[in-house]
2 protein chains.
Amino acid sequence: MAKSITIVDIAREAGVSISTVSRVLTGNAKVSEKKKRAIQELIQKYDFRPNLLARGLITSATHLIGILAADIRNPYYASLFTACEQSANDFGYNMLLCNSFSDRVQEFALLDSLARQRVDAVILLGGAVDSLTTDTEYAEKVRQLSARIPVVITGALADAGCVQVNIDAEQAMALVMQHIAQQPAFQKIAFAGGSHDVIFTAALRAHWKRMLSERGLRYYPELDVTNPHYNENGGYAAMNEILQHGKPDVVIAINDFTAVGVMQALREHGLRIPDDIALVSFDDTYLATAVQPQLTSVGYNYMQFGNALVSAAVQLINGIAFPAETLIQPRLIARGSTEKR
Amino acid sequence: MAKSITIVDIAREAGVSISTVSRVLTGNAKVSEKKKRAIQELIQKYDFRPNLLARGLITSATHLIGILAADIRNPYYASLFTACEQSANDFGYNMLLCNSFSDRVQEFALLDSLARQRVDAVILLGGAVDSLTTDTEYAEKVRQLSARIPVVITGALADAGCVQVNIDAEQAMALVMQHIAQQPAFQKIAFAGGSHDVIFTAALRAHWKRMLSERGLRYYPELDVTNPHYNENGGYAAMNEILQHGKPDVVIAINDFTAVGVMQALREHGLRIPDDIALVSFDDTYLATAVQPQLTSVGYNYMQFGNALVSAAVQLINGIAFPAETLIQPRLIARGSTEKR
DNA sequence: GTGAAAGCGCTAACAC
DNA sequence: GTGTTAGCGCTTTCAC
């Protein structure tokens, strides 16, 4: 590979010192119009790009934001990532994406890797940060990292010194309950999928139970079935278990993937949606509109969500304080799966 | 943020020179067992990680691979990316992911950005590399880049000096035709979606027409409808147009997303799958199993695909030649959408 | 085996 | 305004 051209080459050919070239590069100081133009022409001519490694060594800034996601193949994370990326680009940052696949060992290694790459900040989406049972070793690891660089998370990690950006779980469940309340026939409500160990899931369930009693609706423990897998299989298994104990009027699925599994189980039992059983889920990914009937789903403004995460990171990078927790407001998109009969 | 600890700190506390510390870091030279152990203990103690910027400045290697994808929200790219990432991690590389959203201007900017970040190689997935009509300015840009660092692409870009890893389009279509041939009733075949400008799509269509005539099947131009949008809308529009001209026995959709749109159009016309019309698509993403009936789809071994892309990149980084083109063999997964009646 | 020293490409005082 | 100079943190000859 051809040797890259450096600031020295440009300076030599322009007949100026390297500092002058550096000045037009950074724009941090005045340079005579004439020289500036000459230098810019040479930069064009040679397609010269300053070596960000060298610059980073001095400014100790890489303009890289590391992002650790559970699994980018999940459209929820994919949507969130692309939103983050767009926001980051606006701020002049690039994204270093790592997937942990919720593997603890892998997550540790990747965190190390990001630290070594000297990213300016880290955003943690899902994985161990989502866990309710605090993994002290993990928390310690994140704490160490956040002592060096800003760490922004969704989820919660006690005492790890991270800024949090979360979805308003209470509001998310409130939207679901309000929507369900529009149909007086919806009395028996089931909840399918999700793990008790995941903070957001646990919060949703807690709010759900409270809201049930507030609305004078009964809570059926046997219709409240968790499942560690946030996918079709999890939904399928959960729904089958629910159906062993009774036939609810509505099923709340922990996410769209899970809802797809729920649909499959219902289909196999000869139950139609929404005529026999209605279905609501969370995340409002494109799965919601891919299936038939389309899913009523609680979604988020991913652009806003991503922007909040990146803004937090960038502000912290620049030494500007940021609220310890930001709440993202969800919204419910009503579709066929809960349509009035 | 706390000042990072450096090789100097370690050397001072260990009572050795920085070169000795560097030696245990790189493992490139012999160091006495005693000193080595002492140094390693200090590294542990302070959680010291060598600054990759400084190292990179000398070795001119960042251990970063830039990857430019059209849109990671598309499960095809997401699957391919995660496969690449896992492979890259095995080689000790991290991934810098950028999404172009098929925006030409954005793509240029991101290419620049990757070059500035001094990534060791670039992998191009989709976007302008997919285009059949060579964008000479873009090709020139990629050529310039590939003169400095290895560039690996899927798709084709004439004379840009890139190594290619592609799916075997001929084999992909052959699998579809063989599968269709198992059902003598499948005579009238439609093709829905995809743009003539995308190389892989154009190749599929060309092979399709040839294979139709080879098998003595008729080609119905009015049942061959393209659409620039590789999503539900594209499939929906294409299928509606096809149905204006006749009722095919089988529809080949350009990808799973498109197939979902096709399903919707069929449903609205009161046509059942597979009883009235069968459906095959490409990519075999999880959409294929999310919908009902599940889709027969031609998929790829994403791990192998990603590994081929990254291996090419890593080999080229290390100055080892790599075949100009590698073909990935597809496979057909038969599901309900083409099930025998 | 080990240390001293040069230098990767750049920025940022510091003089002029 | 502009050049000179001192590093940023590390690897790598080159002596010893």
# chains A, B, ... in the order shown; residues from 1 in each chain; ligands from 1
call {"tool": "select_by_dssp", "arguments": {"residues": "range 204-317 of chain B", "states": "alpha helix (DSSP H)", "output": "ChimeraX atom specification"}}
result
/B:204-214,232-245,256-268,287-290,302-317
call {"tool": "residues_around", "arguments": {"residues": "Val165 in chain A", "least_positions_apart": "4", "cutoff": "6 Å", "atoms": "only C-alpha atoms (C1' of nucleotides)", "output": "list in words"}}
result
Thr154, Glu325, Thr326 and Leu327 of chain A
call {"tool": "write_last_selection", "arguments": {"atoms": "C-alpha atoms", "output": "mmCIF file, in the first residue's frame"}}
result
data_model
loop_
_atom_site.group_PDB
_atom_site.id
_atom_site.type_symbol
_atom_site.label_atom_id
_atom_site.label_comp_id
_atom_site.auth_asym_id
_atom_site.auth_seq_id
_atom_site.Cartn_x
_atom_site.Cartn_y
_atom_site.Cartn_z
ATOM 1 C CA THR A 154 -30.181 2.185 28.783
ATOM 2 C CA GLU A 325 -31.676 9.914 33.878
ATOM 3 C CA THR A 326 -33.628 10.906 30.791
ATOM 4 C CA LEU A 327 -36.996 9.336 30.061
#
call {"tool": "residues_around", "arguments": {"residues": "DT13 in chain D", "least_positions_apart": "6", "cutoff": "12 Å", "atoms": "only C-alpha atoms (C1' of nucleotides)", "output": "ChimeraX atom specification"}}
result
/B:19 /C:4-7
call {"tool": "write_last_selection", "arguments": {"atoms": "C-alpha atoms (C1' of nucleotides)", "output": "PDB file, in the first residue's frame"}}
result
ATOM      1  CA  SER B  19      11.456  -0.571  26.266  1.00  0.00           C
TER       2      SER B  19
ATOM      3  C1'  DA C   4      18.971   5.063  25.385  1.00  0.00           C
ATOM      4  C1'  DA C   5      17.300   7.368  21.706  1.00  0.00           C
ATOM      5  C1'  DA C   6      14.899   8.189  17.459  1.00  0.00           C
ATOM      6  C1'  DG C   7      10.598   9.009  15.582  1.00  0.00           C
TER       7       DG C   7
END
call {"tool": "interface_residues", "arguments": {"of": "chain B", "to": "chain A", "cutoff": "7 Å", "atoms": "only C-alpha atoms", "output": "PyMOL selection string"}}
result
chain B and resi 1-2+49-54+56-57+72-73+75+78-79+95-97+116-118+147-149+260+290-291
call {"tool": "atom_distance", "arguments": {"atom1": "CA of Asp283 in chain B", "atom2": "CA of Phe186 in chain B"}}
result
21.9 Å
call {"tool": "closest_atom_pairs", "arguments": {"of": "chain D", "to": "chain A", "cutoff": "9 Å", "atoms": "only C-alpha atoms (C1' of nucleotides)", "output": "JSON lines"}}
result
{"residue": "D:DG1", "atom": "C1'", "partner": "A:Val31", "partner_atom": "CA", "distance": 6.1}
{"residue": "D:DT2", "atom": "C1'", "partner": "A:Thr20", "partner_atom": "CA", "distance": 7.0}
{"residue": "D:DG3", "atom": "C1'", "partner": "A:Ser17", "partner_atom": "CA", "distance": 6.2}
{"residue": "D:DG7", "atom": "C1'", "partner": "A:Ile58", "partner_atom": "CA", "distance": 8.5}
{"residue": "D:DC8", "atom": "C1'", "partner": "A:Ile58", "partner_atom": "CA", "distance": 4.4}
{"residue": "D:DG9", "atom": "C1'", "partner": "A:Leu57", "partner_atom": "CA", "distance": 7.4}
call {"tool": "write_last_selection", "arguments": {"atoms": "N, CA and C atoms (P, O5', C5', C4', C3', O3' and C1' of nucleotides)", "output": "mmCIF file, in the first residue's frame"}}
result
data_model
loop_
_atom_site.group_PDB
_atom_site.id
_atom_site.type_symbol
_atom_site.label_atom_id
_atom_site.label_comp_id
_atom_site.auth_asym_id
_atom_site.auth_seq_id
_atom_site.Cartn_x
_atom_site.Cartn_y
_atom_site.Cartn_z
ATOM 1 P P DG D 1 -3.509 38.560 10.374
ATOM 2 O "O5'" DG D 1 -3.086 37.378 9.478
ATOM 3 C "C5'" DG D 1 -2.446 36.296 10.043
ATOM 4 C "C4'" DG D 1 -1.030 36.305 9.484
ATOM 5 C "C3'" DG D 1 -0.526 34.925 9.142
ATOM 6 O "O3'" DG D 1 0.369 35.017 8.052
ATOM 7 C "C1'" DG D 1 0.732 35.812 10.936
ATOM 8 P P DT D 2 0.810 33.796 7.224
ATOM 9 O "O5'" DT D 2 2.019 33.186 8.035
ATOM 10 C "C5'" DT D 2 3.307 33.752 7.876
ATOM 11 C "C4'" DT D 2 4.250 33.136 8.860
ATOM 12 C "C3'" DT D 2 4.369 31.619 8.786
ATOM 13 O "O3'" DT D 2 5.587 31.311 8.145
ATOM 14 C "C1'" DT D 2 4.411 32.448 11.023
ATOM 15 P P DG D 3 5.981 29.824 7.805
ATOM 16 O "O5'" DG D 3 7.040 29.544 8.962
ATOM 17 C "C5'" DG D 3 8.241 30.315 8.993
ATOM 18 C "C4'" DG D 3 8.994 30.026 10.275
ATOM 19 C "C3'" DG D 3 9.448 28.574 10.440
ATOM 20 O "O3'" DG D 3 10.812 28.571 10.870
ATOM 21 C "C1'" DG D 3 8.188 29.243 12.331
ATOM 22 P P DG D 7 8.932 18.647 26.587
ATOM 23 O "O5'" DG D 7 9.064 17.423 25.550
ATOM 24 C "C5'" DG D 7 8.305 16.249 25.730
ATOM 25 C "C4'" DG D 7 6.827 16.521 25.427
ATOM 26 C "C3'" DG D 7 6.015 15.233 25.342
ATOM 27 O "O3'" DG D 7 4.847 15.343 26.104
ATOM 28 C "C1'" DG D 7 5.815 16.493 23.328
ATOM 29 P P DC D 8 4.392 14.161 27.010
ATOM 30 O "O5'" DC D 8 3.098 13.583 26.304
ATOM 31 C "C5'" DC D 8 1.884 14.304 26.158
ATOM 32 C "C4'" DC D 8 1.036 13.567 25.154
ATOM 33 C "C3'" DC D 8 1.191 12.061 25.255
ATOM 34 O "O3'" DC D 8 0.117 11.535 26.033
ATOM 35 C "C1'" DC D 8 1.304 12.832 22.953
ATOM 36 P P DG D 9 0.429 10.626 27.274
ATOM 37 O "O5'" DG D 9 0.783 9.222 26.603
ATOM 38 C "C5'" DG D 9 -0.225 8.520 25.905
ATOM 39 C "C4'" DG D 9 0.403 7.379 25.165
ATOM 40 C "C3'" DG D 9 1.203 6.414 26.049
ATOM 41 O "O3'" DG D 9 0.733 5.108 25.785
ATOM 42 C "C1'" DG D 9 2.480 7.089 24.183
#
call {"tool": "closest_atom_pairs", "arguments": {"of": "chain C", "to": "chain B", "cutoff": "8 Å", "atoms": "only C-alpha atoms (C1' of nucleotides)", "output": "tab-separated table"}}
result
residue	atom	partner	partner_atom	distance
C:DG1	C1'	B:Val31	CA	6.1
C:DT2	C1'	B:Thr20	CA	7.0
C:DG3	C1'	B:Ser17	CA	6.1
C:DC8	C1'	B:Ile58	CA	4.4
C:DG9	C1'	B:Leu57	CA	7.4
call {"tool": "write_last_selection", "arguments": {"atoms": "C-alpha atoms (C1' of nucleotides)", "output": "tab-separated table (two decimals), in the first residue's frame"}}
result
chain	number	residue	atom	x	y	z
C	1	DG	C1'	18.57	-9.21	28.33
C	2	DT	C1'	18.27	-4.27	28.74
C	3	DG	C1'	18.40	0.83	28.21
C	8	DC	C1'	5.43	7.76	13.96
C	9	DG	C1'	2.17	12.56	12.35
call {"tool": "residues_around", "arguments": {"residues": "Ile254 in chain B", "least_positions_apart": "6", "cutoff": "10 Å", "atoms": "only C-alpha atoms (C1' of nucleotides)", "output": "PDB file with C-alpha atoms, in the first residue's frame"}}
result
ATOM      1  CA  PHE B 191     -40.973 -12.208 -10.549  1.00  0.00           C
ATOM      2  CA  ALA B 192     -41.728  -9.417  -8.098  1.00  0.00           C
ATOM      3  CA  GLY B 193     -39.538  -6.549  -7.051  1.00  0.00           C
ATOM      4  CA  GLY B 194     -35.941  -5.483  -7.235  1.00  0.00           C
ATOM      5  CA  SER B 195     -34.243  -2.965  -9.430  1.00  0.00           C
ATOM      6  CA  PHE B 200     -27.404  -9.238  -8.126  1.00  0.00           C
ATOM      7  CA  THR B 201     -31.021  -8.604  -9.062  1.00  0.00           C
ATOM      8  CA  LEU B 204     -31.003 -13.332 -10.977  1.00  0.00           C
ATOM      9  CA  ARG B 205     -33.422 -12.159 -13.639  1.00  0.00           C
ATOM     10  CA  THR B 226     -39.420  -4.560 -10.878  1.00  0.00           C
ATOM     11  CA  ASN B 227     -39.553  -2.069  -8.048  1.00  0.00           C
ATOM     12  CA  TYR B 230     -36.698  -3.767  -1.532  1.00  0.00           C
ATOM     13  CA  ASN B 231     -39.394  -3.725   1.128  1.00  0.00           C
ATOM     14  CA  GLY B 234     -42.159  -2.542  -3.194  1.00  0.00           C
ATOM     15  CA  GLY B 235     -43.566  -6.045  -2.994  1.00  0.00           C
ATOM     16  CA  VAL B 280     -40.420 -18.066  -2.948  1.00  0.00           C
ATOM     17  CA  SER B 281     -38.008 -15.375  -1.892  1.00  0.00           C
ATOM     18  CA  PHE B 282     -34.368 -14.671  -1.169  1.00  0.00           C
ATOM     19  CA  ASP B 283     -32.249 -13.995   1.922  1.00  0.00           C
ATOM     20  CA  SER B 297     -36.459 -18.733   0.869  1.00  0.00           C
TER      21      SER B 297
END
call {"tool": "residues_around", "arguments": {"residues": "Leu111 in chain B", "least_positions_apart": "6", "cutoff": "9 Å", "atoms": "only C-alpha atoms (C1' of nucleotides)", "output": "PyMOL selection string"}}
result
chain B and resi 66+68+98+122+141-142+145
call {"tool": "select_by_dssp", "arguments": {"residues": "range 107-194 of chain A", "states": "strand (DSSP E or B)", "output": "list in words"}}
result
Ala121, Val122, Ile123, Leu124, Leu125, Ser131, Val151, Val152, Ile153, Val163, Gln164, Val165, Asn166, Ile167, Ile189, Ala190, Phe191, Ala192 and Gly194 of chain A
call {"tool": "atom_distance", "arguments": {"atom1": "CA of Ala313 in chain B", "atom2": "CA of Val152 in chain B"}}
result
6.3 Å
call {"tool": "residues_around", "arguments": {"residues": "Phe91 in chain B", "least_positions_apart": "3", "cutoff": "8 Å", "atoms": "only C-alpha atoms (C1' of nucleotides)", "output": "VMD selection string"}}
result
chain B and resid 87 to 88 314
call {"tool": "residues_around", "arguments": {"residues": "Cys84 in chain B", "least_positions_apart": "5", "cutoff": "9 Å", "atoms": "only C-alpha atoms (C1' of nucleotides)", "output": "number ranges by chain"}}
result
B: 79, 89, 95, 302-303, 305-310
call {"tool": "write_last_selection", "arguments": {"atoms": "N, CA and C atoms", "output": "PDB file, in the first residue's frame"}}
result
ATOM      1  N   SER B  79     -27.398  -9.562   9.673  1.00  0.00           N
ATOM      2  CA  SER B  79     -26.835 -10.907   9.807  1.00  0.00           C
ATOM      3  C   SER B  79     -25.415 -10.943   9.270  1.00  0.00           C
ATOM      4  N   ASN B  89     -13.410 -10.224  15.256  1.00  0.00           N
ATOM      5  CA  ASN B  89     -12.951 -10.349  16.631  1.00  0.00           C
ATOM      6  C   ASN B  89     -11.943 -11.486  16.766  1.00  0.00           C
ATOM      7  N   MET B  95     -14.878  -3.413  14.593  1.00  0.00           N
ATOM      8  CA  MET B  95     -15.638  -2.963  13.440  1.00  0.00           C
ATOM      9  C   MET B  95     -16.158  -1.548  13.593  1.00  0.00           C
ATOM     10  N   TYR B 302     -24.503 -17.140   6.580  1.00  0.00           N
ATOM     11  CA  TYR B 302     -23.986 -15.803   6.868  1.00  0.00           C
ATOM     12  C   TYR B 302     -22.628 -15.837   7.549  1.00  0.00           C
ATOM     13  N   MET B 303     -22.424 -16.823   8.419  1.00  0.00           N
ATOM     14  CA  MET B 303     -21.129 -16.929   9.085  1.00  0.00           C
ATOM     15  C   MET B 303     -20.019 -17.133   8.064  1.00  0.00           C
ATOM     16  N   PHE B 305     -20.170 -16.407   4.884  1.00  0.00           N
ATOM     17  CA  PHE B 305     -20.129 -15.203   4.061  1.00  0.00           C
ATOM     18  C   PHE B 305     -19.282 -14.122   4.769  1.00  0.00           C
ATOM     19  N   GLY B 306     -19.612 -13.870   6.024  1.00  0.00           N
ATOM     20  CA  GLY B 306     -18.887 -12.859   6.787  1.00  0.00           C
ATOM     21  C   GLY B 306     -17.423 -13.232   6.927  1.00  0.00           C
ATOM     22  N   ASN B 307     -17.195 -14.493   7.165  1.00  0.00           N
ATOM     23  CA  ASN B 307     -15.827 -14.955   7.324  1.00  0.00           C
ATOM     24  C   ASN B 307     -15.017 -14.747   6.041  1.00  0.00           C
ATOM     25  N   ALA B 308     -15.665 -14.977   4.910  1.00  0.00           N
ATOM     26  CA  ALA B 308     -14.979 -14.781   3.633  1.00  0.00           C
ATOM     27  C   ALA B 308     -14.606 -13.308   3.451  1.00  0.00           C
ATOM     28  N   LEU B 309     -15.534 -12.432   3.791  1.00  0.00           N
ATOM     29  CA  LEU B 309     -15.280 -10.995   3.655  1.00  0.00           C
ATOM     30  C   LEU B 309     -14.124 -10.550   4.544  1.00  0.00           C
ATOM     31  N   VAL B 310     -14.184 -10.978   5.791  1.00  0.00           N
ATOM     32  CA  VAL B 310     -13.161 -10.540   6.747  1.00  0.00           C
ATOM     33  C   VAL B 310     -11.815 -11.206   6.464  1.00  0.00           C
TER      34      VAL B 310
END
